[in-house]
Each structure stands twice: as structure tokens, then as C-alpha cells.
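Novice: Supplied structure: coords_1.pdb, PDB, C-alpha atoms, pLDDT in the B column.
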```
ATOM      1  CA  LYS O   1      94.673 152.439 137.406  1.00 81.00           C
ATOM      2  CA  GLN O   2      95.045 155.702 135.538  1.00 85.00           C
ATOM      3  CA  GLU O   3      98.583 156.925 135.002  1.00 89.00           C
ATOM      4  CA  VAL O   4      99.466 160.244 133.430  1.00 93.00           C
ATOM      5  CA  THR O   5     102.883 160.844 131.916  1.00 94.00           C
ATOM      6  CA  GLN O   6     104.450 164.014 130.587  1.00 95.00           C
ATOM      7  CA  ILE O   7     107.523 163.930 128.401  1.00 91.00           C
ATOM      8  CA  PRO O   8     109.938 165.661 128.351  1.00 90.00           C
ATOM      9  CA  ALA O   9     110.413 166.641 131.980  1.00 91.00           C
ATOM     10  CA  ALA O  10     112.188 169.820 130.893  1.00 94.00           C
ATOM     11  CA  LEU O  11     112.356 171.828 127.694  1.00 95.00           C
ATOM     12  CA  SER O  12     114.360 174.905 126.706  1.00 96.00           C
ATOM     13  CA  VAL O  13     113.546 176.874 123.565  1.00 96.00           C
ATOM     14  CA  PRO O  14     114.462 180.271 122.098  1.00 97.00           C
ATOM     15  CA  GLU O  15     111.897 183.040 122.180  1.00 97.00           C
ATOM     16  CA  GLY O  16     109.461 183.024 119.280  1.00 97.00           C
ATOM     17  CA  GLU O  17     109.491 179.292 118.703  1.00 96.00           C
ATOM     18  CA  ASN O  18     106.279 177.295 118.476  1.00 96.00           C
ATOM     19  CA  LEU O  19     106.307 174.277 120.779  1.00 95.00           C
ATOM     20  CA  VAL O  20     104.279 171.247 121.811  1.00 96.00           C
ATOM     21  CA  LEU O  21     104.015 169.727 125.257  1.00 97.00           C
ATOM     22  CA  ASN O  22     102.897 166.122 125.472  1.00 97.00           C
ATOM     23  CA  CYS O  23     100.636 164.353 127.928  1.00 97.00           C
ATOM     24  CA  SER O  24      99.686 160.674 127.763  1.00 97.00           C
ATOM     25  CA  PHE O  25      97.230 158.703 129.874  1.00 95.00           C
ATOM     26  CA  THR O  26      96.749 154.969 130.181  1.00 94.00           C
ATOM     27  CA  ASP O  27      92.965 154.744 130.669  1.00 90.00           C
ATOM     28  CA  SER O  28      90.956 156.326 127.873  1.00 89.00           C
ATOM     29  CA  ALA O  29      87.805 156.426 130.035  1.00 89.00           C
ATOM     30  CA  ILE O  30      88.296 160.013 131.108  1.00 89.00           C
ATOM     31  CA  TYR O  31      85.690 162.679 131.864  1.00 86.00           C
ATOM     32  CA  ASN O  32      87.914 165.613 131.003  1.00 88.00           C
ATOM     33  CA  LEU O  33      91.539 166.677 130.805  1.00 92.00           C
ATOM     34  CA  GLN O  34      92.930 169.912 132.155  1.00 91.00           C
ATOM     35  CA  TRP O  35      96.180 171.787 131.545  1.00 94.00           C
ATOM     36  CA  PHE O  36      97.689 173.911 134.313  1.00 92.00           C
ATOM     37  CA  ARG O  37     100.577 176.295 134.639  1.00 93.00           C
ATOM     38  CA  GLN O  38     102.661 176.515 137.808  1.00 88.00           C
ATOM     39  CA  ASP O  39     105.147 179.282 138.476  1.00 87.00           C
ATOM     40  CA  PRO O  40     107.951 178.599 140.997  1.00 80.00           C
ATOM     41  CA  GLY O  41     106.667 178.680 144.568  1.00 73.00           C
ATOM     42  CA  LYS O  42     103.126 179.375 143.435  1.00 77.00           C
ATOM     43  CA  GLY O  43      99.877 177.498 143.039  1.00 79.00           C
ATOM     44  CA  LEU O  44      98.435 176.143 139.839  1.00 85.00           C
ATOM     45  CA  THR O  45      96.575 178.227 137.311  1.00 86.00           C
ATOM     46  CA  SER O  46      94.136 176.518 135.009  1.00 86.00           C
ATOM     47  CA  LEU O  47      94.871 177.118 131.336  1.00 92.00           C
ATOM     48  CA  LEU O  48      92.489 174.939 129.368  1.00 92.00           C
ATOM     49  CA  LEU O  49      89.977 172.205 130.055  1.00 89.00           C
ATOM     50  CA  ILE O  50      88.852 169.742 127.383  1.00 91.00           C
ATOM     51  CA  GLN O  51      85.754 167.644 127.883  1.00 88.00           C
ATOM     52  CA  SER O  52      85.948 164.025 126.744  1.00 89.00           C
ATOM     53  CA  SER O  53      83.595 164.812 123.858  1.00 89.00           C
ATOM     54  CA  GLN O  54      85.803 167.635 122.578  1.00 91.00           C
ATOM     55  CA  ARG O  55      88.865 167.456 120.346  1.00 94.00           C
ATOM     56  CA  GLU O  56      90.497 170.749 121.234  1.00 94.00           C
ATOM     57  CA  GLN O  57      90.281 174.018 123.114  1.00 93.00           C
ATOM     58  CA  THR O  58      91.973 177.313 122.356  1.00 94.00           C
ATOM     59  CA  SER O  59      92.854 180.310 124.489  1.00 92.00           C
ATOM     60  CA  GLY O  60      95.028 183.007 122.954  1.00 95.00           C
ATOM     61  CA  ARG O  61      98.358 181.481 121.937  1.00 96.00           C
ATOM     62  CA  LEU O  62      97.479 178.176 123.584  1.00 96.00           C
ATOM     63  CA  ASN O  63      95.773 175.243 121.923  1.00 97.00           C
ATOM     64  CA  ALA O  64      95.119 171.943 123.655  1.00 96.00           C
ATOM     65  CA  SER O  65      94.059 168.819 121.815  1.00 97.00           C
ATOM     66  CA  LEU O  66      92.664 165.549 123.060  1.00 96.00           C
ATOM     67  CA  ASP O  67      92.764 162.123 121.410  1.00 96.00           C
ATOM     68  CA  LYS O  68      91.112 159.666 123.766  1.00 92.00           C
ATOM     69  CA  SER O  69      91.643 156.645 121.534  1.00 92.00           C
ATOM     70  CA  SER O  70      95.414 157.071 121.590  1.00 94.00           C
ATOM     71  CA  GLY O  71      95.495 158.333 125.180  1.00 95.00           C
ATOM     72  CA  ARG O  72      97.173 161.588 124.296  1.00 97.00           C
ATOM     73  CA  SER O  73      96.786 165.299 124.794  1.00 97.00           C
ATOM     74  CA  THR O  74      99.035 168.049 123.532  1.00 97.00           C
ATOM     75  CA  LEU O  75      99.436 171.672 124.542  1.00 97.00           C
ATOM     76  CA  TYR O  76     100.589 173.842 121.668  1.00 97.00           C
ATOM     77  CA  ILE O  77     102.152 177.201 122.504  1.00 97.00           C
ATOM     78  CA  ALA O  78     102.556 179.573 119.601  1.00 97.00           C
ATOM     79  CA  ALA O  79     105.240 182.252 119.391  1.00 97.00           C
ATOM     80  CA  SER O  80     106.682 181.457 122.818  1.00 96.00           C
ATOM     81  CA  GLN O  81     107.721 184.290 125.125  1.00 97.00           C
ATOM     82  CA  PRO O  82     110.018 184.410 128.190  1.00 96.00           C
ATOM     83  CA  GLY O  83     106.899 184.953 130.293  1.00 95.00           C
ATOM     84  CA  ASP O  84     105.742 181.469 129.262  1.00 96.00           C
ATOM     85  CA  SER O  85     108.553 179.978 131.335  1.00 96.00           C
ATOM     86  CA  ALA O  86     106.886 177.796 133.957  1.00 94.00           C
ATOM     87  CA  THR O  87     105.988 174.203 134.718  1.00 93.00           C
ATOM     88  CA  TYR O  88     103.031 172.886 132.768  1.00 95.00           C
ATOM     89  CA  LEU O  89     100.951 170.054 134.203  1.00 93.00           C
ATOM     90  CA  CYS O  90      98.198 168.032 132.651  1.00 94.00           C
ATOM     91  CA  ALA O  91      95.579 166.228 134.699  1.00 92.00           C
ATOM     92  CA  ALA O  92      93.062 163.625 133.588  1.00 91.00           C
ATOM     93  CA  ARG O  93      89.785 163.181 135.420  1.00 85.00           C
ATOM     94  CA  SER O  94      88.866 159.532 135.390  1.00 79.00           C
ATOM     95  CA  GLY O  95      85.407 158.062 135.128  1.00 74.00           C
ATOM     96  CA  SER O  96      82.110 159.358 133.829  1.00 70.00           C
ATOM     97  CA  SER O  97      81.436 162.355 136.073  1.00 65.00           C
ATOM     98  CA  ASN O  98      83.089 165.342 137.624  1.00 61.00           C
ATOM     99  CA  THR O  99      83.526 163.469 140.894  1.00 62.00           C
ATOM    100  CA  GLY O 100      86.137 161.162 139.393  1.00 68.00           C
ATOM    101  CA  LYS O 101      89.708 161.422 140.617  1.00 73.00           C
ATOM    102  CA  LEU O 102      91.990 163.950 138.984  1.00 80.00           C
ATOM    103  CA  ILE O 103      95.315 162.316 138.205  1.00 86.00           C
ATOM    104  CA  PHE O 104      98.238 164.630 137.493  1.00 89.00           C
ATOM    105  CA  GLY O 105     101.280 164.170 135.344  1.00 91.00           C
ATOM    106  CA  GLN O 106     104.651 165.128 136.758  1.00 89.00           C
ATOM    107  CA  GLY O 107     104.878 168.244 134.629  1.00 92.00           C
ATOM    108  CA  THR O 108     107.127 169.698 131.935  1.00 94.00           C
ATOM    109  CA  THR O 109     109.311 172.610 133.002  1.00 94.00           C
ATOM    110  CA  LEU O 110     109.596 175.059 130.133  1.00 96.00           C
ATOM    111  CA  GLN O 111     112.275 177.711 129.784  1.00 96.00           C
ATOM    112  CA  VAL O 112     111.922 180.262 127.005  1.00 96.00           C
ATOM    113  CA  LYS O 113     115.189 182.115 126.438  1.00 96.00           C
ATOM    114  CA  PRO O 114     115.147 185.739 125.254  1.00 94.00           C
TER
ATOM    115  CA  ASN K   1      87.335 187.920 145.376  1.00 58.00           C
ATOM    116  CA  ALA K   2      90.151 186.312 147.328  1.00 73.00           C
ATOM    117  CA  GLY K   3      89.705 182.948 145.571  1.00 90.00           C
ATOM    118  CA  VAL K   4      91.272 180.035 147.450  1.00 93.00           C
ATOM    119  CA  THR K   5      93.255 181.056 150.525  1.00 94.00           C
ATOM    120  CA  GLN K   6      95.636 178.694 152.288  1.00 96.00           C
ATOM    121  CA  THR K   7      97.364 179.250 155.612  1.00 96.00           C
ATOM    122  CA  PRO K   8     100.063 178.949 156.736  1.00 96.00           C
ATOM    123  CA  LYS K   9     102.378 179.290 153.717  1.00 94.00           C
ATOM    124  CA  PHE K  10     105.272 177.703 155.561  1.00 95.00           C
ATOM    125  CA  GLN K  11     105.411 175.454 158.601  1.00 96.00           C
ATOM    126  CA  VAL K  12     108.079 173.373 160.311  1.00 97.00           C
ATOM    127  CA  LEU K  13     106.983 170.591 162.640  1.00 96.00           C
ATOM    128  CA  LYS K  14     108.680 167.990 164.742  1.00 97.00           C
ATOM    129  CA  THR K  15     107.794 164.334 164.324  1.00 97.00           C
ATOM    130  CA  GLY K  16     104.668 163.518 166.282  1.00 97.00           C
ATOM    131  CA  GLN K  17     103.270 167.034 166.404  1.00 97.00           C
ATOM    132  CA  SER K  18      99.824 167.767 165.061  1.00 96.00           C
ATOM    133  CA  MET K  19      98.662 170.736 163.057  1.00 96.00           C
ATOM    134  CA  THR K  20      95.922 171.971 160.758  1.00 97.00           C
ATOM    135  CA  LEU K  21      96.333 173.468 157.304  1.00 97.00           C
ATOM    136  CA  GLN K  22      93.536 175.904 156.620  1.00 98.00           C
ATOM    137  CA  CYS K  23      91.762 176.332 153.289  1.00 97.00           C
ATOM    138  CA  ALA K  24      88.991 178.812 152.601  1.00 97.00           C
ATOM    139  CA  GLN K  25      87.234 179.856 149.396  1.00 96.00           C
ATOM    140  CA  ASP K  26      84.799 182.688 148.876  1.00 94.00           C
ATOM    141  CA  MET K  27      83.390 181.558 145.528  1.00 91.00           C
ATOM    142  CA  ASN K  28      80.563 179.399 146.877  1.00 90.00           C
ATOM    143  CA  HIS K  29      82.264 176.326 145.424  1.00 90.00           C
ATOM    144  CA  GLU K  30      80.718 172.969 146.201  1.00 88.00           C
ATOM    145  CA  TYR K  31      83.811 170.894 145.571  1.00 88.00           C
ATOM    146  CA  MET K  32      87.001 171.237 147.624  1.00 91.00           C
ATOM    147  CA  SER K  33      90.077 169.045 147.728  1.00 92.00           C
ATOM    148  CA  TRP K  34      93.568 168.701 149.119  1.00 94.00           C
ATOM    149  CA  TYR K  35      96.616 167.591 147.124  1.00 93.00           C
ATOM    150  CA  ARG K  36     100.214 167.070 148.024  1.00 94.00           C
ATOM    151  CA  GLN K  37     103.006 167.730 145.542  1.00 90.00           C
ATOM    152  CA  ASP K  38     106.277 165.841 145.835  1.00 88.00           C
ATOM    153  CA  PRO K  39     109.270 165.863 143.475  1.00 80.00           C
ATOM    154  CA  GLY K  40     108.880 163.216 140.788  1.00 72.00           C
ATOM    155  CA  MET K  41     105.413 162.245 142.020  1.00 74.00           C
ATOM    156  CA  GLY K  42     103.172 164.943 140.594  1.00 77.00           C
ATOM    157  CA  LEU K  43     100.121 165.983 142.583  1.00 86.00           C
ATOM    158  CA  ARG K  44      98.265 163.329 144.527  1.00 89.00           C
ATOM    159  CA  LEU K  45      94.782 163.663 145.963  1.00 88.00           C
ATOM    160  CA  ILE K  46      94.571 163.322 149.755  1.00 93.00           C
ATOM    161  CA  HIS K  47      90.889 164.000 150.557  1.00 93.00           C
ATOM    162  CA  TYR K  48      88.028 165.752 148.863  1.00 90.00           C
ATOM    163  CA  SER K  49      84.558 167.030 149.608  1.00 91.00           C
ATOM    164  CA  VAL K  50      81.570 167.410 147.297  1.00 86.00           C
ATOM    165  CA  GLY K  51      79.642 169.600 149.714  1.00 89.00           C
ATOM    166  CA  ALA K  52      79.217 170.642 153.332  1.00 92.00           C
ATOM    167  CA  GLY K  53      79.127 167.617 155.602  1.00 93.00           C
ATOM    168  CA  ILE K  54      80.478 165.247 152.934  1.00 92.00           C
ATOM    169  CA  THR K  55      84.099 164.102 152.663  1.00 93.00           C
ATOM    170  CA  ASP K  56      85.843 161.194 150.994  1.00 90.00           C
ATOM    171  CA  GLN K  57      89.326 159.754 150.646  1.00 89.00           C
ATOM    172  CA  GLY K  58      91.643 160.279 147.721  1.00 86.00           C
ATOM    173  CA  GLU K  59      94.780 158.393 146.725  1.00 84.00           C
ATOM    174  CA  VAL K  60      96.902 159.051 149.831  1.00 92.00           C
ATOM    175  CA  PRO K  61      94.584 159.688 152.815  1.00 94.00           C
ATOM    176  CA  ASN K  62      96.564 157.956 155.576  1.00 95.00           C
ATOM    177  CA  GLY K  63      97.769 160.298 158.319  1.00 96.00           C
ATOM    178  CA  TYR K  64      95.327 163.058 157.379  1.00 97.00           C
ATOM    179  CA  ASN K  65      91.839 164.027 158.496  1.00 97.00           C
ATOM    180  CA  VAL K  66      89.417 166.513 156.979  1.00 97.00           C
ATOM    181  CA  SER K  67      86.046 167.994 157.794  1.00 96.00           C
ATOM    182  CA  ARG K  68      83.620 170.223 155.907  1.00 96.00           C
ATOM    183  CA  SER K  69      81.356 171.920 158.393  1.00 96.00           C
ATOM    184  CA  THR K  70      80.787 174.917 156.101  1.00 96.00           C
ATOM    185  CA  THR K  71      80.831 175.424 152.338  1.00 95.00           C
ATOM    186  CA  GLU K  72      83.722 177.891 152.646  1.00 96.00           C
ATOM    187  CA  ASP K  73      86.240 175.963 154.758  1.00 97.00           C
ATOM    188  CA  PHE K  74      88.044 172.660 154.287  1.00 98.00           C
ATOM    189  CA  PRO K  75      90.818 172.204 156.873  1.00 98.00           C
ATOM    190  CA  LEU K  76      93.393 169.409 156.586  1.00 98.00           C
ATOM    191  CA  ARG K  77      94.618 167.949 159.864  1.00 98.00           C
ATOM    192  CA  LEU K  78      97.855 166.078 160.391  1.00 96.00           C
ATOM    193  CA  LEU K  79      97.302 163.928 163.433  1.00 92.00           C
ATOM    194  CA  SER K  80     100.894 162.923 164.201  1.00 96.00           C
ATOM    195  CA  ALA K  81     103.334 164.402 161.706  1.00 96.00           C
ATOM    196  CA  ALA K  82     105.942 162.165 160.090  1.00 97.00           C
ATOM    197  CA  PRO K  83     108.935 163.096 157.897  1.00 96.00           C
ATOM    198  CA  SER K  84     107.164 161.389 154.976  1.00 96.00           C
ATOM    199  CA  GLN K  85     104.568 164.156 155.165  1.00 97.00           C
ATOM    200  CA  THR K  86     107.134 166.784 154.226  1.00 97.00           C
ATOM    201  CA  SER K  87     105.602 168.199 151.066  1.00 96.00           C
ATOM    202  CA  VAL K  88     103.863 171.128 149.463  1.00 94.00           C
ATOM    203  CA  TYR K  89     100.124 170.991 150.025  1.00 96.00           C
ATOM    204  CA  PHE K  90      97.577 172.537 147.687  1.00 94.00           C
ATOM    205  CA  CYS K  91      93.905 173.138 148.279  1.00 95.00           C
ATOM    206  CA  ALA K  92      91.674 173.332 145.204  1.00 91.00           C
ATOM    207  CA  SER K  93      88.001 174.010 144.645  1.00 90.00           C
ATOM    208  CA  SER K  94      85.461 174.050 141.844  1.00 85.00           C
ATOM    209  CA  LEU K  95      81.918 175.319 141.475  1.00 82.00           C
ATOM    210  CA  ARG K  96      80.119 172.024 141.109  1.00 72.00           C
ATOM    211  CA  ALA K  97      80.900 168.496 142.164  1.00 61.00           C
ATOM    212  CA  VAL K  98      78.677 167.020 139.508  1.00 51.00           C
ATOM    213  CA  SER K  99      78.146 168.886 136.319  1.00 47.00           C
ATOM    214  CA  SER K 100      77.388 168.117 132.755  1.00 41.00           C
ATOM    215  CA  GLY K 101      79.509 171.028 131.692  1.00 45.00           C
ATOM    216  CA  ALA K 102      83.111 172.009 132.081  1.00 51.00           C
ATOM    217  CA  ASN K 103      84.340 172.399 135.636  1.00 63.00           C
ATOM    218  CA  VAL K 104      87.596 174.146 136.337  1.00 74.00           C
ATOM    219  CA  LEU K 105      89.674 173.672 139.466  1.00 81.00           C
ATOM    220  CA  THR K 106      90.998 176.775 141.192  1.00 86.00           C
ATOM    221  CA  PHE K 107      94.103 176.237 143.312  1.00 89.00           C
ATOM    222  CA  GLY K 108      95.445 177.996 146.374  1.00 92.00           C
ATOM    223  CA  ALA K 109      99.040 179.212 146.515  1.00 90.00           C
ATOM    224  CA  GLY K 110     100.232 176.198 148.508  1.00 93.00           C
ATOM    225  CA  SER K 111     101.542 175.442 151.992  1.00 95.00           C
ATOM    226  CA  ARG K 112     105.088 174.158 152.356  1.00 95.00           C
ATOM    227  CA  LEU K 113     105.399 171.774 155.289  1.00 97.00           C
ATOM    228  CA  THR K 114     108.638 170.370 156.674  1.00 96.00           C
ATOM    229  CA  VAL K 115     108.583 167.622 159.287  1.00 96.00           C
ATOM    230  CA  LEU K 116     111.861 167.088 161.122  1.00 96.00           C
TER
END
```
How does the structure come out when it is put into C-alpha cells?
Specialist:
Amino acid sequence: KQEVTQIPAALSVPEGENLVLNCSFTDSAIYNLQWFRQDPGKGLTSLLLIQSSQREQTSGRLNASLDKSSGRSTLYIAASQPGDSATYLCAARSGSSNTGKLIFGQGTTLQVKP
Amino acid sequence: NAGVTQTPKFQVLKTGQSMTLQCAQDMNHEYMSWYRQDPGMGLRLIHYSVGAGITDQGEVPNGYNVSRSTTEDFPLRLLSAAPSQTSVYFCASSLRAVSSGANVLTFGAGSRLTVL
């Protein structure tokens, strides 16, 4: 059974710092892995999606990497800003197609202090 | 485009009552799904649909029913509400159920349900 874990549960950093959020999964047979952002009381916004054949994806100040063999993904945020404060969730889609179940981690709540 | 629209945003029920959470998308997405989000549990899949007329169970389907009579709508029904169903519910959709390419989930804003 796939399990997705995100550590730490909460992180506080000063503005401008580069940071890494971690996501680990127990079953390496994933179809893709997706990173989301959730603002308080709001829905989830997709940030990056990495296919199982890819190593990384980049969007602006965000870079997500995927290492299937070690069961890890990281979300790198460069030059953090107060507006980056949110909860970040990773989700691994199990199996060999897009109909596999999407299993979410519990999230890392990030606070970027001005 | 409105994207994924969920109603209501807030609802309080008494134990044993029934209700329907509505989800609609205007993006012609094939795939639609319902998740519940609970503290310390992450998001868990309740039911999903890969197209009109097709539904299947997720991780935690008990106590919930779904139907997909149209591509646009995917309502979630609570048959007899229980306090354990107090949660925030999210509807999500994506363009294709089966695709060789990337497929991104779009989420609604959520529906907060409290069962007393």
C-alpha cells in the first residue's frame, strides 16, 4: 500500500532564503507525482507535475525533483517570499496509468517571515 | 471559465440527515473525483469517475454515493450523516482519465461539513 510522508510538518524561514520541502513514498511504482499549494480555507492549486520518466520540473522559482529508486521528491523554492506562505502537499499517483489512485502526503505548512 | 465549482461552502447537519454536495466543472474534463481532508490524515479519495456513466470507489467510500449522469456534474451524496463525516470535502477534475502525457488535477475551493 502506497504511503506518502512529508517532513517537516511545519517550517518557518526568513524572507529570501532558499528552502527544500521533502516528500517520500513507499512504493516506487508511481505514474507521476504532483506538488500542490493550499492557502488557508482554500482549495488546492497545482504547482508542478513530474512524470515517472522525468527527473525534475521547473516553474519560475520552483523546482521539483523525483528520484523513484529512493522514493523521494523534493520541492525547491528559491528566494522565498512572504507570499509563498501556505501548505504544500505532494501526491503520488500509483500504478502504470492516470487512473491509479492519487495518494496525498499530510503537507508541510510553510511560513516565510518578512 | 469558472473551473471547478463546489456548493455549498459550509453546511451543518444533524446525525442521520442526508445531503448532497454539488460539484460542477466547465472544462469538459473526463475525470472527476471527491476527496476528504482531515487533520493529520491528508487527502483521501472517496469516489471517482473516468467519464459520464462510470464511477468507482476510492479509499474511503463507505457512507457516500456518487453518480455521473453528465460530463459536467459529479454530486456526492451522504446517505445518513455521521459525526465521523465531519470534514472538508474537495472535488477535483482533470482533462483525461487515461493519458500518456501529463495530467493535472484542478481542485474546487472545498466544502466544509460539520455533522453534530
Novice: Considering all atoms listed in the file, return as a list in words whatever protein or nucleic-acid residues lie within 6 Å of range 87-92 of chain O, sequence-local ones (same chain, fewer than 2 positions apart) excluded.
Specialist: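 Surrounding residues, per the criterion: Leu33, Gln34, Trp35, Phe36, Arg37, Gln38, Leu102, Ile103, Phe104, Gly105, Gly107, Thr108, Thr109 and Leu110 of chain O.
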Novice: Name the residues captured by the PyMOL selection byres ((chain K and resi 2-5) around 6) when it is applied to the shown file; answer as a compact mmCIF listing (two decimals) with C-alpha atoms, in the coordinates of the input.
Specialist:
```txt
# COMPACT_ATOMS: atom_id res chain seq x y z
CA ASN K 1 87.34 187.92 145.38
CA GLN K 6 95.64 178.69 152.29
CA CYS K 23 91.76 176.33 153.29
CA ALA K 24 88.99 178.81 152.60
CA GLN K 25 87.23 179.86 149.40
CA ASP K 26 84.80 182.69 148.88
CA GLY K 108 95.44 178.00 146.37
```
Novice: Need to verify the contact set: Ala52 in chain K, 7 Å, only C-alpha atoms, exclusion of same-chain residues closer than 4 positions in sequence. Can you return it as a compact mmCIF listing (two decimals) with C-alpha atoms, in the frame of the given file?
Specialist:
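Writing the result to part_4.txt gives the following:
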```txt
# COMPACT_ATOMS: atom_id res chain seq x y z
CA ARG K 68 83.62 170.22 155.91
CA SER K 69 81.36 171.92 158.39
CA THR K 70 80.79 174.92 156.10
CA THR K 71 80.83 175.42 152.34
```
Novice: In Å, how far is it from CA of Gln54 in chain O to CA of Tyr48 in chain K?
Specialist: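 It comes out at 26.4 Å.
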Novice: To one decimal place, how far is CA of Thr106 in chain K from CA of Glu72 in chain K in Å?
Specialist: 13.6 Å
Novice: Written as a PDB file with C-alpha atoms, in the frame of the given file, what is the full residue list that the PyMOL selection byres ((chain O and resi 48) around 10) yields on the file shown?
Specialist:
```pdb
ATOM      1  CA  LEU O  33      91.539 166.677 130.805  1.00 92.00           C
ATOM      2  CA  GLN O  34      92.930 169.912 132.155  1.00 91.00           C
ATOM      3  CA  TRP O  35      96.180 171.787 131.545  1.00 94.00           C
ATOM      4  CA  PHE O  36      97.689 173.911 134.313  1.00 92.00           C
ATOM      5  CA  ARG O  37     100.577 176.295 134.639  1.00 93.00           C
ATOM      6  CA  THR O  45      96.575 178.227 137.311  1.00 86.00           C
ATOM      7  CA  SER O  46      94.136 176.518 135.009  1.00 86.00           C
ATOM      8  CA  LEU O  47      94.871 177.118 131.336  1.00 92.00           C
ATOM      9  CA  LEU O  49      89.977 172.205 130.055  1.00 89.00           C
ATOM     10  CA  ILE O  50      88.852 169.742 127.383  1.00 91.00           C
ATOM     11  CA  GLU O  56      90.497 170.749 121.234  1.00 94.00           C
ATOM     12  CA  GLN O  57      90.281 174.018 123.114  1.00 93.00           C
ATOM     13  CA  THR O  58      91.973 177.313 122.356  1.00 94.00           C
ATOM     14  CA  SER O  59      92.854 180.310 124.489  1.00 92.00           C
ATOM     15  CA  LEU O  62      97.479 178.176 123.584  1.00 96.00           C
ATOM     16  CA  ASN O  63      95.773 175.243 121.923  1.00 97.00           C
ATOM     17  CA  ALA O  64      95.119 171.943 123.655  1.00 96.00           C
ATOM     18  CA  SER O  65      94.059 168.819 121.815  1.00 97.00           C
ATOM     19  CA  LEU O  75      99.436 171.672 124.542  1.00 97.00           C
ATOM     20  CA  CYS O  90      98.198 168.032 132.651  1.00 94.00           C
TER      21      CYS O  90
ATOM     22  CA  VAL K 104      87.596 174.146 136.337  1.00 74.00           C
TER      23      VAL K 104
END
```
Novice: Quick check: residues of chain K within 12 Å of chain O, all atoms listed in the file, returned as a PDB file with C-alpha atoms, keeping the file's coordinate frame.
Specialist:
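So iface-v7.pdb came out as:
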```
ATOM      1  CA  GLY K   3      89.705 182.948 145.571  1.00 90.00           C
ATOM      2  CA  VAL K   4      91.272 180.035 147.450  1.00 93.00           C
ATOM      3  CA  THR K   5      93.255 181.056 150.525  1.00 94.00           C
ATOM      4  CA  GLN K   6      95.636 178.694 152.288  1.00 96.00           C
ATOM      5  CA  LYS K   9     102.378 179.290 153.717  1.00 94.00           C
ATOM      6  CA  PHE K  10     105.272 177.703 155.561  1.00 95.00           C
ATOM      7  CA  GLU K  30      80.718 172.969 146.201  1.00 88.00           C
ATOM      8  CA  TYR K  31      83.811 170.894 145.571  1.00 88.00           C
ATOM      9  CA  MET K  32      87.001 171.237 147.624  1.00 91.00           C
ATOM     10  CA  SER K  33      90.077 169.045 147.728  1.00 92.00           C
ATOM     11  CA  TRP K  34      93.568 168.701 149.119  1.00 94.00           C
ATOM     12  CA  TYR K  35      96.616 167.591 147.124  1.00 93.00           C
ATOM     13  CA  ARG K  36     100.214 167.070 148.024  1.00 94.00           C
ATOM     14  CA  GLN K  37     103.006 167.730 145.542  1.00 90.00           C
ATOM     15  CA  ASP K  38     106.277 165.841 145.835  1.00 88.00           C
ATOM     16  CA  PRO K  39     109.270 165.863 143.475  1.00 80.00           C
ATOM     17  CA  GLY K  40     108.880 163.216 140.788  1.00 72.00           C
ATOM     18  CA  MET K  41     105.413 162.245 142.020  1.00 74.00           C
ATOM     19  CA  GLY K  42     103.172 164.943 140.594  1.00 77.00           C
ATOM     20  CA  LEU K  43     100.121 165.983 142.583  1.00 86.00           C
ATOM     21  CA  ARG K  44      98.265 163.329 144.527  1.00 89.00           C
ATOM     22  CA  LEU K  45      94.782 163.663 145.963  1.00 88.00           C
ATOM     23  CA  ILE K  46      94.571 163.322 149.755  1.00 93.00           C
ATOM     24  CA  HIS K  47      90.889 164.000 150.557  1.00 93.00           C
ATOM     25  CA  TYR K  48      88.028 165.752 148.863  1.00 90.00           C
ATOM     26  CA  SER K  49      84.558 167.030 149.608  1.00 91.00           C
ATOM     27  CA  VAL K  50      81.570 167.410 147.297  1.00 86.00           C
ATOM     28  CA  GLY K  51      79.642 169.600 149.714  1.00 89.00           C
ATOM     29  CA  THR K  55      84.099 164.102 152.663  1.00 93.00           C
ATOM     30  CA  ASP K  56      85.843 161.194 150.994  1.00 90.00           C
ATOM     31  CA  GLN K  57      89.326 159.754 150.646  1.00 89.00           C
ATOM     32  CA  GLY K  58      91.643 160.279 147.721  1.00 86.00           C
ATOM     33  CA  GLU K  59      94.780 158.393 146.725  1.00 84.00           C
ATOM     34  CA  VAL K  60      96.902 159.051 149.831  1.00 92.00           C
ATOM     35  CA  VAL K  88     103.863 171.128 149.463  1.00 94.00           C
ATOM     36  CA  TYR K  89     100.124 170.991 150.025  1.00 96.00           C
ATOM     37  CA  PHE K  90      97.577 172.537 147.687  1.00 94.00           C
ATOM     38  CA  CYS K  91      93.905 173.138 148.279  1.00 95.00           C
ATOM     39  CA  ALA K  92      91.674 173.332 145.204  1.00 91.00           C
ATOM     40  CA  SER K  93      88.001 174.010 144.645  1.00 90.00           C
ATOM     41  CA  SER K  94      85.461 174.050 141.844  1.00 85.00           C
ATOM     42  CA  LEU K  95      81.918 175.319 141.475  1.00 82.00           C
ATOM     43  CA  ARG K  96      80.119 172.024 141.109  1.00 72.00           C
ATOM     44  CA  ALA K  97      80.900 168.496 142.164  1.00 61.00           C
ATOM     45  CA  VAL K  98      78.677 167.020 139.508  1.00 51.00           C
ATOM     46  CA  SER K  99      78.146 168.886 136.319  1.00 47.00           C
ATOM     47  CA  SER K 100      77.388 168.117 132.755  1.00 41.00           C
ATOM     48  CA  GLY K 101      79.509 171.028 131.692  1.00 45.00           C
ATOM     49  CA  ALA K 102      83.111 172.009 132.081  1.00 51.00           C
ATOM     50  CA  ASN K 103      84.340 172.399 135.636  1.00 63.00           C
ATOM     51  CA  VAL K 104      87.596 174.146 136.337  1.00 74.00           C
ATOM     52  CA  LEU K 105      89.674 173.672 139.466  1.00 81.00           C
ATOM     53  CA  THR K 106      90.998 176.775 141.192  1.00 86.00           C
ATOM     54  CA  PHE K 107      94.103 176.237 143.312  1.00 89.00           C
ATOM     55  CA  GLY K 108      95.445 177.996 146.374  1.00 92.00           C
ATOM     56  CA  ALA K 109      99.040 179.212 146.515  1.00 90.00           C
ATOM     57  CA  GLY K 110     100.232 176.198 148.508  1.00 93.00           C
ATOM     58  CA  SER K 111     101.542 175.442 151.992  1.00 95.00           C
ATOM     59  CA  ARG K 112     105.088 174.158 152.356  1.00 95.00           C
TER      60      ARG K 112
END
```
